[in-house]
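Worksheet: the structure to be examined is printed underneath.
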Amino acid sequence: MSTEISDLPNSSSPEPSAPLASSTPTLTSDPLAVTSSRVPVSSTRIPVTEEEAAAASAAVKEMLGPDQRVVSVEKTVVVREEEVLLVNGTPITLVGEEGMQIKDCLLKGTIPNQDLINHLLMKAGLLRQPVKVKTELNVKTSNTQAENVFLHKNGKILDENCVERTEVNEYNSQTEEEWLPVSDERTETGKCLRDRLQSTDSESLNDRLENLCTGHISQESLDNSFESVFNRSFEGGSSSSINSERLCWRDGVIVSGFLEDLIHQLVPRAHACPPDSFSFSFLLSSRLYLTPSQLLAEICRRAEQLSLMMSPSSLPSYVSNLVRMLSNWITWFSYDFQEESMMTRVRKLSQLCTSLDPTVQTRLTQLLQSLLKHLTAVEKHKQYVSKIRRLQLDGEKTGSPTDLSNVALSPATVAQQLTHIELQYLSFIGPDEFVNAFAKDLTTKKQKIEGENDLSVHELQPEAVEARLRAGKKTPNLESYISWFNRLSQLIGSSVCAPRKKKNRVKIIEIWIEVARECVNIGNFNSMMGIISGLNLQPVSRLRKTWNKIQLDKFDVLGHQLDPSSNFVSYRTTLQAAVNRSEKATDNKQRVIIPFFSLLLKDLYFVNEGCASKLPNGHINMEKARALAEHVTQFMKWKDMESPYHKNTRILDYLERSQTFSKDALEFQSYVLEPPESSQEKEIYKALKPNFKKQ
C-alpha cells in the first residue's frame, strides 16, 4: 500500500510596509496583551532536501508501520497576508467606525481614548461595563511561519498536523495619562477558573484575567523532522506554548481546540495513545457538544480509515490501543452504554478490531460481559431506590415515627450503618452525571452556552442543543443521593419530635449528636452534615425548653463544621486532615472519605461557572475540562471505597424504611410539643391546625 505525503509549510512574509502596532491598555495597572499582525500572500514550491525526505519516511513508518512506502514528498511555501487583532489571545474583528479608529491608533503608535479602549475590552468579553483605566503602549512586529503536514490517500486528506513559529520584535512605552473613572464597580466578567475559586476583595484584574486565553506563541524550529511533528500530536511538543489555528498546546498539554481536532487527538495511532488525563477530560466534557453515540460513531469512522493505511505488522499494536481506549471509556463512563445506539457502535468497533487482529476477541468478550454485569447492577439499584422511595412517601402520609427513647442504640453502630448507605448510593454515581447536571440549565436553542456570556455571544449548534438536553435527563443517581440526604435530615427531625416527654427528646438529641461525632471519626462527613441539618430544622431548633436541658458544647463543635465563613474553612480543614489520614492508612476503616456532597456540588458549580466552556474563537476550553476532571477524579476515588463494616439489618431498615413526619406535620408537631410564642408562629400554627385537628 502506498502513501503520499504532502508537506505544505506556511511561511510568513517579509516585513509589512507599515510597522505592526500593538497597544496594551492597562486596567488598574494590570496589562492586557494586544497584538496586531499582517502577512502577505504568495505560494512557491521549493525542493525537498534528502534529510526532509528521510524524516518524512521515518514519521510515516512510526505512525503507520515499517512496511509503508513514501511515494512522494512535496514542499510548498505558502505566504498568506491577513490582519488579526488579539486581546489576551481573543481575536477581535475591527469593524465599523470605532474599529477603524482603534486600528488607526495602533498603526500610528498612539493610545486610543477611553471610549475606544472600553469598547475594545467589552467587545472581547473582558468587561461588561466601562471602568477606570491606565494605559501603556506595546508596539510589536511579528513574523509567523507555519509548517503543515498532510497524509493523502486517493486524493483525500487522512491526517494533518501543524507547527508554527513566531518571531516577535517589540518595544514598550508608558503614559502618565489617567482617565476619569466611569464606574468603581468591579466586574467578574472573564474570571479564570483559579480566580473564581480563590478570589478575594483585594485581587487585581490581572489575576482575574490571567490564563483566560492563550495568546503567547513560542519559537519552534522549522527544520524539525516530520517524526517530531507526528509525535507532538500526543506529546504536545515542547514545554512552551504552541498555538495553531486548530489546537493550542501549553507545556505539552492541549489547552484548547476545535471539537473535530480534539476527536482526532482521541483516536489512537499504531504506536501511540493519547494520555489518560486528556481522554478522561475530553470524554467528560464532550457530552456538552455532541452525544456519546455521535462521538463513538465518529471515532469508529476515523479508526476504520486509519486501519486502511496500516501495514500488517502494525495492526496488533493499533488494535491493542483501540481496545484500551474502549476499555477506558467503558470503565469511566459506563452509563453512556445504556443506549442501544451506543452498543451498536461498540459492536461495530469490536468487529473492526477482531477483523484486524482476531487475538483480541477474548479480551473484548470479557470487557462486554463486565459492562453487562455492571449495567444489570445499576438497573437493580434503580429498582431498589424506587421501591424505598415509595415506602418513604407512604410513611410520611401515616406520620407515626418510631420513638427511639426506649430503643438501645450504639452511636458507633448507627454511624457505621449510615456509612453503608452512603457508599451504596455513591458507588452508582457516574462522573458524567456532574456534567449532565450543568447541562440542565439549557432549555431552548436560543440560550447561550453555559458560562460563555461573560466572554462572547455564541449560540449552540443544533447537535450541541440535542446533546445537552439529553444529558440533562441523565442524573438519576445524583438525584437519588440528594434525596437520601434530605430523607436523613427529615428522619432526624421526626425522631426528635416524636416523643411527647421532654426528657425523651433530650435523650434522642444527645444520641444523634454522638452519632454525628462518630461519623466525623469514620470520615463520613455527609451523614454528619445530614444529622446537623436535621437538628437545625426550624421545628427542632425552636424547641427552646428541650435544648435548655442539653449540654451544647459537643453540638457547638459539630455546628462549627457548618460555618460558611471563609468558604467553609473549618470543614475543609477537617476534611483535609481525613484525606491525609486516608492516604497513609493501611486499615480500610481509616480510608473512608465521604465528603459533604452539597458543598462538593457547589465547588464543581463554581468550576463550571469560572470560565467559558467554549472560547470566542470557537475552541473548546480544555483547561476548564481538565479542572472539572481533576475534581471529579478525586471524588471517584472516594466513592469507589467498599464499606469496611458489617451490616446491621435492623438499623439499616430503620434508617431507610421507617416512617417520618411530612414537612407540615413536623412543623405542626413541634407546636404541639411547645406552643408557638411569636405572632408569626401563631399564624403558622393557626393555618396548620385544621389539617391535623383529627390527629
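Residue numbers start at 1 in each chain; chains themselves are named A, B, ... in the order of the C-alpha cells; ligands are numbered from 1 in the order shown.
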Using only C-alpha atoms, tabulate the residues of segment 352-419 of chain A lying at most 8 Å from any atom of segment 633-651 of chain A, each with its closest atom pair and that distance in Å to one decimal, by chain and increasing residue number, as JSON lines.
```
{"residue": "A:Val414", "atom": "CA", "partner": "A:Ile651", "partner_atom": "CA", "distance": 6.8}
{"residue": "A:Gln416", "atom": "CA", "partner": "A:Tyr645", "partner_atom": "CA", "distance": 6.4}
{"residue": "A:Gln417", "atom": "CA", "partner": "A:Lys647", "partner_atom": "CA", "distance": 6.6}
{"residue": "A:Thr419", "atom": "CA", "partner": "A:Ser643", "partner_atom": "CA", "distance": 7.0}
```
Residues of segment 598-675 of chain A at most 12 Å from segment 244-265 of chain A: nearest atom pair and distance in Å, only C-alpha atoms, as CSV:
```
residue,atom,partner,partner_atom,distance
A:Ala612,CA,A:Ser256,CA,11.3
A:Ser613,CA,A:Ser256,CA,10.0
A:Lys614,CA,A:Ser256,CA,8.7
A:Leu615,CA,A:Ser256,CA,8.3
A:Pro616,CA,A:Ser256,CA,11.3
A:Asn617,CA,A:Phe258,CA,9.0
A:Gly618,CA,A:Phe258,CA,6.5
A:His619,CA,A:Gly257,CA,4.4
A:Ile620,CA,A:Ser256,CA,5.4
A:Asn621,CA,A:Ser256,CA,4.8
A:Met622,CA,A:Val255,CA,4.8
A:Glu623,CA,A:Val255,CA,5.1
A:Lys624,CA,A:Val255,CA,8.6
A:Ala625,CA,A:Val255,CA,9.1
A:Arg626,CA,A:Val255,CA,8.7
A:Ala627,CA,A:Val255,CA,11.0
```
Could those residues be written to a file, using N, CA and C atoms, as a short mmCIF file (atom, residue, chain, number, x, y, z; two decimals), in the first residue's frame?
```cif
data_model
loop_
_atom_site.label_atom_id
_atom_site.label_comp_id
_atom_site.auth_asym_id
_atom_site.auth_seq_id
_atom_site.Cartn_x
_atom_site.Cartn_y
_atom_site.Cartn_z
N ALA A 612 -15.29 30.09 30.50
CA ALA A 612 -16.14 29.62 29.42
C ALA A 612 -15.85 28.17 29.06
N SER A 613 -16.91 27.43 28.70
CA SER A 613 -16.74 26.09 28.15
C SER A 613 -16.16 26.17 26.75
N LYS A 614 -16.52 27.23 26.04
CA LYS A 614 -16.06 27.41 24.67
C LYS A 614 -15.55 28.83 24.51
N LEU A 615 -14.38 28.97 23.92
CA LEU A 615 -13.76 30.28 23.78
C LEU A 615 -14.32 31.02 22.57
N PRO A 616 -14.19 32.34 22.53
CA PRO A 616 -14.76 33.11 21.43
C PRO A 616 -14.23 32.71 20.06
N ASN A 617 -13.04 32.13 19.97
CA ASN A 617 -12.52 31.71 18.67
C ASN A 617 -13.06 30.35 18.24
N GLY A 618 -14.01 29.80 19.02
CA GLY A 618 -14.60 28.52 18.67
C GLY A 618 -13.93 27.32 19.30
N HIS A 619 -12.81 27.52 19.98
CA HIS A 619 -12.11 26.42 20.63
C HIS A 619 -12.87 25.96 21.88
N ILE A 620 -12.86 24.66 22.11
CA ILE A 620 -13.34 24.12 23.38
C ILE A 620 -12.26 24.33 24.42
N ASN A 621 -12.63 24.83 25.57
CA ASN A 621 -11.68 25.17 26.63
C ASN A 621 -11.30 23.91 27.40
N MET A 622 -10.18 23.30 27.04
CA MET A 622 -9.75 22.07 27.69
C MET A 622 -9.15 22.33 29.07
N GLU A 623 -8.73 23.55 29.35
CA GLU A 623 -8.26 23.87 30.70
C GLU A 623 -9.41 23.74 31.69
N LYS A 624 -10.57 24.23 31.31
CA LYS A 624 -11.74 24.09 32.18
C LYS A 624 -12.13 22.62 32.29
N ALA A 625 -12.12 21.91 31.17
CA ALA A 625 -12.47 20.48 31.19
C ALA A 625 -11.53 19.71 32.09
N ARG A 626 -10.25 20.06 32.05
CA ARG A 626 -9.27 19.35 32.89
C ARG A 626 -9.47 19.67 34.37
N ALA A 627 -9.84 20.92 34.67
CA ALA A 627 -10.09 21.28 36.07
C ALA A 627 -11.30 20.52 36.61
#
```
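If only C-alpha atoms are the atoms counted, then among A:Ser286, A:Asn321, A:Ser386, A:Ser334 the closest residue to Ala467 of chain A is A:Ser286.
Shortest separation to Asp67 of chain A among A:Ser494, A:Asn608, A:Asn580, A:Ser313 occurs at residue A:Ser313, atoms counted being only C-alpha atoms.
Taking only C-alpha atoms into account, Leu391 of chain A lies nearest to A:Leu655 out of the set A:Leu64, A:Leu655, A:Ala53, A:Leu537.
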Discussion item. If we count only C-alpha atoms and set the cut-off at 12 Å, which residues sit around Leu322 of chain A, ignoring sequence neighbours fewer than 2 positions away in its own chain? Please answer as a PyMOL selection string.
Written reply: chain A and resi 266-274+296+299-300+302-304+306-307+315-320+324-329+346+349-354+356-357+360+364
Filtering to C-alpha atoms, could you give me those residues as a tab-separated table (two decimals), in the first residue's frame?
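Saved to part_26.tsv:
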```tsv
chain	number	residue	atom	x	y	z
A	266	LEU	CA	-8.67	10.95	20.98
A	267	VAL	CA	-8.25	8.28	18.28
A	268	PRO	CA	-5.18	6.10	18.98
A	269	ARG	CA	-2.41	5.54	16.43
A	270	ALA	CA	-0.36	2.45	15.67
A	271	HIS	CA	2.29	3.14	18.28
A	272	ALA	CA	0.82	5.92	20.42
A	273	CYS	CA	-2.20	6.59	22.62
A	274	PRO	CA	-3.47	9.90	23.97
A	296	LEU	CA	-18.27	6.97	19.18
A	299	ILE	CA	-14.28	7.54	16.31
A	300	CYS	CA	-15.32	4.34	14.52
A	302	ARG	CA	-11.76	7.57	11.76
A	303	ALA	CA	-10.42	4.32	13.20
A	304	GLU	CA	-11.58	2.43	10.12
A	306	LEU	CA	-6.68	4.80	9.63
A	307	SER	CA	-6.71	0.99	9.62
A	315	LEU	CA	-2.13	-3.80	13.20
A	316	PRO	CA	-1.71	-5.68	16.54
A	317	SER	CA	-0.40	-2.62	18.39
A	318	TYR	CA	-3.00	-0.40	16.73
A	319	VAL	CA	-5.86	-2.72	17.69
A	320	SER	CA	-4.49	-3.01	21.22
A	324	ARG	CA	-7.55	0.19	25.50
A	325	MET	CA	-9.45	3.35	24.54
A	326	LEU	CA	-12.75	1.44	24.53
A	327	SER	CA	-11.94	-0.21	27.86
A	328	ASN	CA	-11.21	3.16	29.47
A	329	TRP	CA	-14.44	4.62	28.14
A	346	VAL	CA	-19.45	-0.79	20.29
A	349	LEU	CA	-15.77	-1.18	16.70
A	350	SER	CA	-15.34	-4.66	18.18
A	351	GLN	CA	-15.88	-6.22	14.77
A	352	LEU	CA	-13.27	-3.91	13.29
A	353	CYS	CA	-10.77	-4.86	16.00
A	354	THR	CA	-11.32	-8.61	15.65
A	356	LEU	CA	-7.75	-6.71	12.13
A	357	ASP	CA	-6.46	-8.87	14.99
A	360	VAL	CA	-8.38	-9.62	20.92
A	364	LEU	CA	-13.38	-7.82	24.06
```
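For Asp394 of chain A, the set of protein, DNA and RNA residues having any atom at most 12 Å away, when counting only C-alpha atoms and skipping those fewer than 2 positions along the same chain, is A:Lys387, A:Ile388, A:Arg389, A:Arg390, A:Leu391, A:Gln392, A:Glu396, A:Lys397, A:Thr398, A:Gly399, A:Ser400, A:Arg657, A:Ser658, A:Gln659, A:Thr660, A:Phe661, A:Ser662.
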Practice prompt. Would you mind listing what lies within 10 Å of Ile429 of chain A as a PyMOL selection string, with only C-alpha atoms counted and same-chain residues fewer than 5 positions away left out?
Written response: chain A and resi 335+378+424+434+475-481+636+639-640
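Pairwise distance (atom CA of Lys589 of chain A, atom CA of Asn524 of chain A) equals 11.0 Å.
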